[in-house]
>>> print(open('upload38.cif').read())   # mmCIF, C-alpha atoms and all ligand atoms
data_work
loop_
_atom_site.group_PDB
_atom_site.id
_atom_site.type_symbol
_atom_site.label_atom_id
_atom_site.label_comp_id
_atom_site.auth_asym_id
_atom_site.auth_seq_id
_atom_site.Cartn_x
_atom_site.Cartn_y
_atom_site.Cartn_z
ATOM 1 C CA MET A 1 -50.593 7.084 -16.566
ATOM 2 C CA SER A 2 -48.721 10.036 -18.019
ATOM 3 C CA THR A 3 -45.522 9.746 -20.030
ATOM 4 C CA SER A 4 -43.210 12.652 -20.633
ATOM 5 C CA PHE A 5 -41.086 12.895 -23.747
ATOM 6 C CA PRO A 6 -38.095 15.135 -24.346
ATOM 7 C CA ARG A 7 -39.193 18.327 -26.078
ATOM 8 C CA ILE A 8 -38.009 18.583 -29.667
ATOM 9 C CA PRO A 9 -37.467 22.279 -30.290
ATOM 10 C CA PRO A 10 -39.401 23.886 -33.157
ATOM 11 C CA GLY A 11 -37.116 23.953 -36.175
ATOM 12 C CA GLY A 12 -34.838 21.446 -34.453
ATOM 13 C CA LEU A 13 -32.406 19.685 -36.729
ATOM 14 C CA LEU A 14 -30.643 16.389 -36.830
ATOM 15 C CA PHE A 15 -26.971 17.358 -36.844
ATOM 16 C CA GLY A 16 -25.550 13.860 -37.105
ATOM 17 C CA LEU A 17 -25.979 10.155 -36.477
ATOM 18 C CA GLY A 18 -23.451 7.674 -35.139
ATOM 19 C CA ILE A 19 -23.366 3.922 -34.672
ATOM 20 C CA ASP A 20 -20.923 1.505 -33.099
ATOM 21 C CA VAL A 21 -20.666 -2.186 -32.267
ATOM 22 C CA THR A 22 -18.298 -3.372 -29.541
ATOM 23 C CA GLU A 23 -17.398 -6.911 -28.554
ATOM 24 C CA ALA A 24 -17.634 -7.497 -24.784
ATOM 25 C CA ALA A 25 -14.622 -9.858 -24.796
ATOM 26 C CA ARG A 26 -12.472 -7.138 -26.371
ATOM 27 C CA ILE A 27 -13.382 -4.653 -23.658
ATOM 28 C CA ARG A 28 -12.775 -7.297 -21.021
ATOM 29 C CA ARG A 29 -9.280 -7.969 -22.389
ATOM 30 C CA LEU A 30 -8.536 -4.247 -22.521
ATOM 31 C CA LEU A 31 -9.681 -3.580 -18.964
ATOM 32 C CA GLU A 32 -7.939 -6.652 -17.560
ATOM 33 C CA ARG A 33 -4.686 -5.740 -19.277
ATOM 34 C CA LEU A 34 -4.859 -2.034 -18.432
ATOM 35 C CA PRO A 35 -6.736 -1.587 -15.152
ATOM 36 C CA ARG A 36 -6.140 2.176 -15.304
ATOM 37 C CA ALA A 37 -8.368 2.241 -18.374
ATOM 38 C CA TYR A 38 -11.398 1.806 -16.082
ATOM 39 C CA GLU A 39 -10.967 5.315 -14.777
ATOM 40 C CA ARG A 40 -9.706 6.796 -18.015
ATOM 41 C CA LEU A 41 -12.670 5.529 -20.011
ATOM 42 C CA PHE A 42 -15.531 5.415 -17.550
ATOM 43 C CA SER A 43 -16.932 7.748 -14.909
ATOM 44 C CA GLU A 44 -17.587 6.617 -11.348
ATOM 45 C CA GLN A 45 -21.322 6.393 -12.090
ATOM 46 C CA GLU A 46 -20.711 4.336 -15.225
ATOM 47 C CA ARG A 47 -18.453 1.930 -13.329
ATOM 48 C CA ALA A 48 -20.928 1.593 -10.472
ATOM 49 C CA TYR A 49 -23.705 0.750 -12.943
ATOM 50 C CA CYS A 50 -21.679 -1.836 -14.906
ATOM 51 C CA ASP A 51 -20.171 -3.445 -11.810
ATOM 52 C CA GLY A 52 -23.693 -4.013 -10.462
ATOM 53 C CA PHE A 53 -24.173 -6.833 -13.009
ATOM 54 C CA SER A 54 -22.787 -10.353 -12.603
ATOM 55 C CA ASP A 55 -21.382 -10.024 -16.140
ATOM 56 C CA PRO A 56 -20.341 -6.372 -16.343
ATOM 57 C CA TRP A 57 -18.507 -6.663 -19.697
ATOM 58 C CA LEU A 58 -21.543 -6.265 -21.931
ATOM 59 C CA ARG A 59 -22.440 -3.123 -19.991
ATOM 60 C CA TYR A 60 -18.945 -1.712 -20.308
ATOM 61 C CA ALA A 61 -18.973 -2.597 -24.010
ATOM 62 C CA ALA A 62 -22.308 -0.809 -24.457
ATOM 63 C CA ARG A 63 -20.909 2.347 -22.863
ATOM 64 C CA PHE A 64 -17.756 2.136 -24.952
ATOM 65 C CA ALA A 65 -19.930 1.765 -28.066
ATOM 66 C CA ALA A 66 -22.078 4.700 -26.942
ATOM 67 C CA LYS A 67 -19.034 6.977 -26.618
ATOM 68 C CA GLU A 68 -17.848 6.018 -30.101
ATOM 69 C CA ALA A 69 -21.350 6.501 -31.530
ATOM 70 C CA VAL A 70 -21.580 9.962 -29.939
ATOM 71 C CA GLY A 71 -18.150 10.856 -31.374
ATOM 72 C CA LYS A 72 -19.449 9.879 -34.802
ATOM 73 C CA ALA A 73 -22.736 11.753 -34.357
ATOM 74 C CA LEU A 74 -20.743 14.892 -33.550
ATOM 75 C CA GLY A 75 -18.465 14.265 -36.538
ATOM 76 C CA ILE A 76 -15.312 14.234 -34.386
ATOM 77 C CA GLY A 77 -14.677 10.484 -34.285
ATOM 78 C CA ILE A 78 -12.592 9.223 -31.382
ATOM 79 C CA ILE A 79 -9.180 10.666 -32.161
ATOM 80 C CA GLY A 80 -8.084 12.993 -29.422
ATOM 81 C CA PHE A 81 -11.243 12.987 -27.414
ATOM 82 C CA VAL A 82 -11.334 12.335 -23.702
ATOM 83 C CA TRP A 83 -13.546 9.291 -23.217
ATOM 84 C CA ARG A 84 -14.866 10.477 -19.893
ATOM 85 C CA ASP A 85 -16.130 13.678 -21.501
ATOM 86 C CA ILE A 86 -18.967 11.541 -22.876
ATOM 87 C CA GLU A 87 -20.887 9.996 -19.996
ATOM 88 C CA VAL A 88 -23.767 7.530 -20.206
ATOM 89 C CA LEU A 89 -26.245 8.024 -17.365
ATOM 90 C CA SER A 90 -28.076 4.765 -16.811
ATOM 91 C CA GLY A 91 -31.158 3.229 -15.284
ATOM 92 C CA GLY A 92 -33.926 2.807 -17.861
ATOM 93 C CA LYS A 93 -33.571 5.038 -20.889
ATOM 94 C CA PRO A 94 -29.903 6.036 -21.085
ATOM 95 C CA LEU A 95 -29.031 9.734 -21.167
ATOM 96 C CA ILE A 96 -25.861 11.378 -22.457
ATOM 97 C CA ALA A 97 -24.006 14.018 -20.470
ATOM 98 C CA LEU A 98 -21.181 15.863 -22.219
ATOM 99 C CA HIS A 99 -18.301 17.372 -20.280
ATOM 100 C CA GLY A 100 -15.059 19.251 -20.886
ATOM 101 C CA GLY A 101 -13.674 19.449 -24.420
ATOM 102 C CA VAL A 102 -16.474 17.420 -26.027
ATOM 103 C CA ALA A 103 -19.102 19.709 -24.460
ATOM 104 C CA ASP A 104 -17.172 22.697 -25.871
ATOM 105 C CA ILE A 105 -17.121 21.144 -29.351
ATOM 106 C CA ALA A 106 -20.853 20.368 -29.168
ATOM 107 C CA ARG A 107 -21.557 23.970 -28.130
ATOM 108 C CA ARG A 108 -19.491 25.316 -31.017
ATOM 109 C CA LEU A 109 -21.384 23.056 -33.426
ATOM 110 C CA GLY A 110 -24.702 24.215 -32.009
ATOM 111 C CA VAL A 111 -25.572 20.726 -30.791
ATOM 112 C CA THR A 112 -27.894 21.091 -27.820
ATOM 113 C CA ARG A 113 -28.825 17.481 -27.118
ATOM 114 C CA VAL A 114 -27.483 14.005 -27.819
ATOM 115 C CA GLU A 115 -29.759 10.965 -27.742
ATOM 116 C CA VAL A 116 -28.506 7.390 -27.517
ATOM 117 C CA SER A 117 -29.986 3.902 -27.625
ATOM 118 C CA LEU A 118 -28.167 0.765 -26.470
ATOM 119 C CA SER A 119 -28.647 -2.953 -27.009
ATOM 120 C CA HIS A 120 -26.597 -6.026 -26.114
ATOM 121 C CA THR A 121 -26.841 -9.689 -26.916
ATOM 122 C CA GLY A 122 -24.607 -12.610 -27.852
ATOM 123 C CA GLY A 123 -21.452 -10.963 -26.526
ATOM 124 C CA MET A 124 -21.898 -7.821 -28.622
ATOM 125 C CA ALA A 125 -23.059 -4.367 -27.615
ATOM 126 C CA TYR A 126 -24.614 -1.872 -29.998
ATOM 127 C CA ALA A 127 -25.153 1.863 -29.711
ATOM 128 C CA VAL A 128 -26.811 4.437 -31.925
ATOM 129 C CA ALA A 129 -26.558 8.144 -31.214
ATOM 130 C CA ALA A 130 -28.205 11.246 -32.639
ATOM 131 C CA ALA A 131 -26.876 14.772 -32.167
ATOM 132 C CA LEU A 132 -29.602 17.421 -32.338
ATOM 133 C CA LYS A 133 -29.361 21.120 -33.071
ATOM 134 C CA GLU A 134 -31.641 23.768 -31.685
ATOM 135 C CA ASP A 135 -32.518 25.530 -34.946
ATOM 136 C CA ALA A 136 -31.779 25.729 -38.651
ATOM 137 C CA ASP A 137 -29.649 28.864 -38.327
ATOM 138 C CA GLY A 138 -27.490 27.624 -35.457
HETATM 139 C C1 LIG A 201 -36.040 -1.432 -22.664
HETATM 140 C C2 LIG A 201 -36.161 -2.836 -23.260
HETATM 141 C C3 LIG A 201 -36.783 -2.723 -24.639
HETATM 142 C C4 LIG A 201 -34.762 -3.469 -23.369
HETATM 143 O O1 LIG A 201 -34.801 -4.582 -24.265
HETATM 144 P P1 LIG A 201 -33.948 -5.890 -24.067
HETATM 145 O O2 LIG A 201 -34.102 -6.697 -25.303
HETATM 146 O O3 LIG A 201 -34.272 -6.493 -22.751
HETATM 147 O O4 LIG A 201 -32.435 -5.427 -23.912
HETATM 148 P P2 LIG A 201 -31.458 -4.680 -24.944
HETATM 149 O O5 LIG A 201 -30.129 -5.314 -24.792
HETATM 150 O O6 LIG A 201 -32.004 -4.555 -26.319
HETATM 151 O O7 LIG A 201 -31.428 -3.190 -24.353
HETATM 152 C C5 LIG A 201 -30.888 -2.950 -23.079
HETATM 153 C C6 LIG A 201 -30.724 -1.467 -22.980
HETATM 154 O O8 LIG A 201 -31.993 -0.825 -23.142
HETATM 155 C C7 LIG A 201 -31.893 0.471 -22.580
HETATM 156 N N1 LIG A 201 -33.147 0.768 -21.911
HETATM 157 C C8 LIG A 201 -33.617 0.267 -20.768
HETATM 158 N N2 LIG A 201 -34.822 0.812 -20.493
HETATM 159 C C9 LIG A 201 -35.095 1.685 -21.487
HETATM 160 C C10 LIG A 201 -36.173 2.562 -21.776
HETATM 161 N N3 LIG A 201 -37.240 2.656 -20.969
HETATM 162 N N4 LIG A 201 -36.113 3.320 -22.878
HETATM 163 C C11 LIG A 201 -35.043 3.258 -23.708
HETATM 164 N N5 LIG A 201 -33.984 2.435 -23.502
HETATM 165 C C12 LIG A 201 -34.016 1.659 -22.400
HETATM 166 C C13 LIG A 201 -30.715 0.456 -21.620
HETATM 167 O O9 LIG A 201 -29.704 1.284 -22.157
HETATM 168 C C14 LIG A 201 -30.272 -1.006 -21.625
HETATM 169 O O10 LIG A 201 -28.879 -1.179 -21.563
HETATM 170 P P3 LIG A 201 -28.044 -0.834 -20.249
HETATM 171 O O11 LIG A 201 -28.625 -1.572 -19.099
HETATM 172 O O12 LIG A 201 -26.666 -1.278 -20.604
HETATM 173 O O13 LIG A 201 -28.152 0.667 -20.079
HETATM 174 C C15 LIG A 201 -37.034 -3.754 -22.411
HETATM 175 O O14 LIG A 201 -36.339 -4.045 -21.221
HETATM 176 C C16 LIG A 201 -38.364 -3.126 -22.088
HETATM 177 O O15 LIG A 201 -39.270 -3.029 -22.913
HETATM 178 N N6 LIG A 201 -38.557 -2.723 -20.881
HETATM 179 C C17 LIG A 201 -39.822 -2.119 -20.526
HETATM 180 C C18 LIG A 201 -39.676 -1.434 -19.265
HETATM 181 C C19 LIG A 201 -39.446 -2.427 -18.186
HETATM 182 O O16 LIG A 201 -39.496 -3.598 -18.394
HETATM 183 N N7 LIG A 201 -39.201 -1.908 -17.025
HETATM 184 C C20 LIG A 201 -38.900 -2.745 -15.922
HETATM 185 C C21 LIG A 201 -40.062 -2.752 -15.013
HETATM 186 S S1 LIG A 201 -39.674 -3.663 -13.587
#
>>> encode(input="upload38.cif", output="structure tokens")
Amino acid sequence: MSTSFPRIPPGGLLFGLGIDVTEAARIRRLLERLPRAYERLFSEQERAYCDGFSDPWLRYAARFAAKEAVGKALGIGIIGFVWRDIEVLSGGKPLIALHGGVADIARRLGVTRVEVSLSHTGGMAYAVAAALKEDADG
């Protein structure tokens, strides 16, 4: 069996780390009160993934947490960012795709890859993110 790992570039640097914890019930209340938030916060792929579970709220909470964690890893927080510009691609190990303004910020910062890890249990979802730079001079 062969396993492939993402290549860590020589001289690659950790630009920043981010963490977030989100309560599933809070996300449920938000989405039930503001149905338009589904589309404002989550991409079509993210919604399709979450809605495939009998209890989708933990999955939505995990993606919400992931977006906040990525905002922290990039050092931009969540003020003024477009939530859908940070997309969690799911099915096994989650991957982060950056779009629009957040992708522009990451490029300006020299961040070439963002890694994330998710976990959920007991009504809470957790996400940790790492933003990586290509080289020490970048
Ligand atoms: C990945 C694994 C550690 C998850 O642990 P868990 O205690 O069941 O669940 P947690 O709540 O901690 O984590 C769930 C998250 O793990 C992440 N995850 C799943 N597979 C992963 C993998 N191969 N690598 C990294 N992260 C993974 C996902 O983001 C998932 O959340 P999501 O469905 O919302 O995207 C566990 O399922 C495992 O070891 N799986 C081995 C692979 C496997 O079983 N494959 C299925 C074969 S049929």
>>> resolve_selection(input="upload38.cif", expression="the PyMOL selection byres (((chain A and resi 85) around 7) and not hetatm)", output="list of chain:residue names")
A:Val82, A:Trp83, A:Arg84, A:Ile86, A:Glu87, A:Leu98, A:His99, A:Gly100, A:Gly101, A:Val102
>>> atom_distance(input="upload38.cif", atom1="atom CA of Lys67 of chain A", atom2="atom O3 of ligand LIG 201 (chain A)")
20.7 Å
>>> residues_near_point(input="upload38.cif", point="(-20.1, 15.1, -33.7)", cutoff="10 Å", atoms="only C-alpha atoms", output="mmCIF file with C-alpha atoms, keeping the file's coordinate frame")
data_model
loop_
_atom_site.group_PDB
_atom_site.id
_atom_site.type_symbol
_atom_site.label_atom_id
_atom_site.label_comp_id
_atom_site.auth_asym_id
_atom_site.auth_seq_id
_atom_site.Cartn_x
_atom_site.Cartn_y
_atom_site.Cartn_z
ATOM 1 C CA PHE A 15 -26.971 17.358 -36.844
ATOM 2 C CA GLY A 16 -25.550 13.860 -37.105
ATOM 3 C CA LEU A 17 -25.979 10.155 -36.477
ATOM 4 C CA GLY A 18 -23.451 7.674 -35.139
ATOM 5 C CA ALA A 69 -21.350 6.501 -31.530
ATOM 6 C CA VAL A 70 -21.580 9.962 -29.939
ATOM 7 C CA GLY A 71 -18.150 10.856 -31.374
ATOM 8 C CA LYS A 72 -19.449 9.879 -34.802
ATOM 9 C CA ALA A 73 -22.736 11.753 -34.357
ATOM 10 C CA LEU A 74 -20.743 14.892 -33.550
ATOM 11 C CA GLY A 75 -18.465 14.265 -36.538
ATOM 12 C CA ILE A 76 -15.312 14.234 -34.386
ATOM 13 C CA GLY A 77 -14.677 10.484 -34.285
ATOM 14 C CA ILE A 78 -12.592 9.223 -31.382
ATOM 15 C CA VAL A 102 -16.474 17.420 -26.027
ATOM 16 C CA ILE A 105 -17.121 21.144 -29.351
ATOM 17 C CA ALA A 106 -20.853 20.368 -29.168
ATOM 18 C CA LEU A 109 -21.384 23.056 -33.426
ATOM 19 C CA VAL A 111 -25.572 20.726 -30.791
ATOM 20 C CA VAL A 114 -27.483 14.005 -27.819
ATOM 21 C CA ALA A 129 -26.558 8.144 -31.214
ATOM 22 C CA ALA A 130 -28.205 11.246 -32.639
ATOM 23 C CA ALA A 131 -26.876 14.772 -32.167
ATOM 24 C CA LEU A 132 -29.602 17.421 -32.338
#
>>> residues_near_point(input="upload38.cif", point="(-15.4, -10.1, -17.5)", cutoff="9 Å", atoms="only C-alpha atoms", output="list in words")
Ala24, Ala25, Ile27, Arg28, Arg29, Leu31, Glu32, Ser54, Asp55, Pro56, Trp57 and Leu58 of chain A
>>> write_last_selection(input="upload38.cif", atoms="C-alpha atoms", output="tab-separated table (two decimals), in the coordinates of the input")
chain	number	residue	atom	x	y	z
A	24	ALA	CA	-17.63	-7.50	-24.78
A	25	ALA	CA	-14.62	-9.86	-24.80
A	27	ILE	CA	-13.38	-4.65	-23.66
A	28	ARG	CA	-12.78	-7.30	-21.02
A	29	ARG	CA	-9.28	-7.97	-22.39
A	31	LEU	CA	-9.68	-3.58	-18.96
A	32	GLU	CA	-7.94	-6.65	-17.56
A	54	SER	CA	-22.79	-10.35	-12.60
A	55	ASP	CA	-21.38	-10.02	-16.14
A	56	PRO	CA	-20.34	-6.37	-16.34
A	57	TRP	CA	-18.51	-6.66	-19.70
A	58	LEU	CA	-21.54	-6.26	-21.93
>>> closest_residue(input="upload38.cif", among="A:Asp104, A:Glu115, A:Glu134, A:Glu68", to="ligand LIG 201 (chain A)", atoms="all atoms listed in the file")
A:Glu115
>>> resolve_selection(input="upload38.cif", expression="the PyMOL selection byres (((chain A and resi 50) around 12) and not hetatm)", output="PyMOL selection string")
chain A and resi 38+42-49+51-64+88-91
>>> atom_distance(input="upload38.cif", atom1="atom N6 of ligand LIG 201 (chain A)", atom2="atom CA of Glu39 of chain A")
29.4 Å
>>> resolve_selection(input="upload38.cif", expression="the PyMOL selection byres (((not hetatm)) within 6 of (chain A and resi 201))", output="list of chain:residue names")
A:Arg59, A:Ala62, A:Ser90, A:Gly92, A:Lys93, A:Pro94, A:Ser117, A:Leu118, A:Ser119, A:His120, A:Thr121
>>> write_last_selection(input="upload38.cif", atoms="C-alpha atoms", output="compact mmCIF listing (two decimals), in the coordinates of the input")
# COMPACT_ATOMS: atom_id res chain seq x y z
CA ARG A 59 -22.44 -3.12 -19.99
CA ALA A 62 -22.31 -0.81 -24.46
CA SER A 90 -28.08 4.76 -16.81
CA GLY A 92 -33.93 2.81 -17.86
CA LYS A 93 -33.57 5.04 -20.89
CA PRO A 94 -29.90 6.04 -21.08
CA SER A 117 -29.99 3.90 -27.62
CA LEU A 118 -28.17 0.76 -26.47
CA SER A 119 -28.65 -2.95 -27.01
CA HIS A 120 -26.60 -6.03 -26.11
CA THR A 121 -26.84 -9.69 -26.92
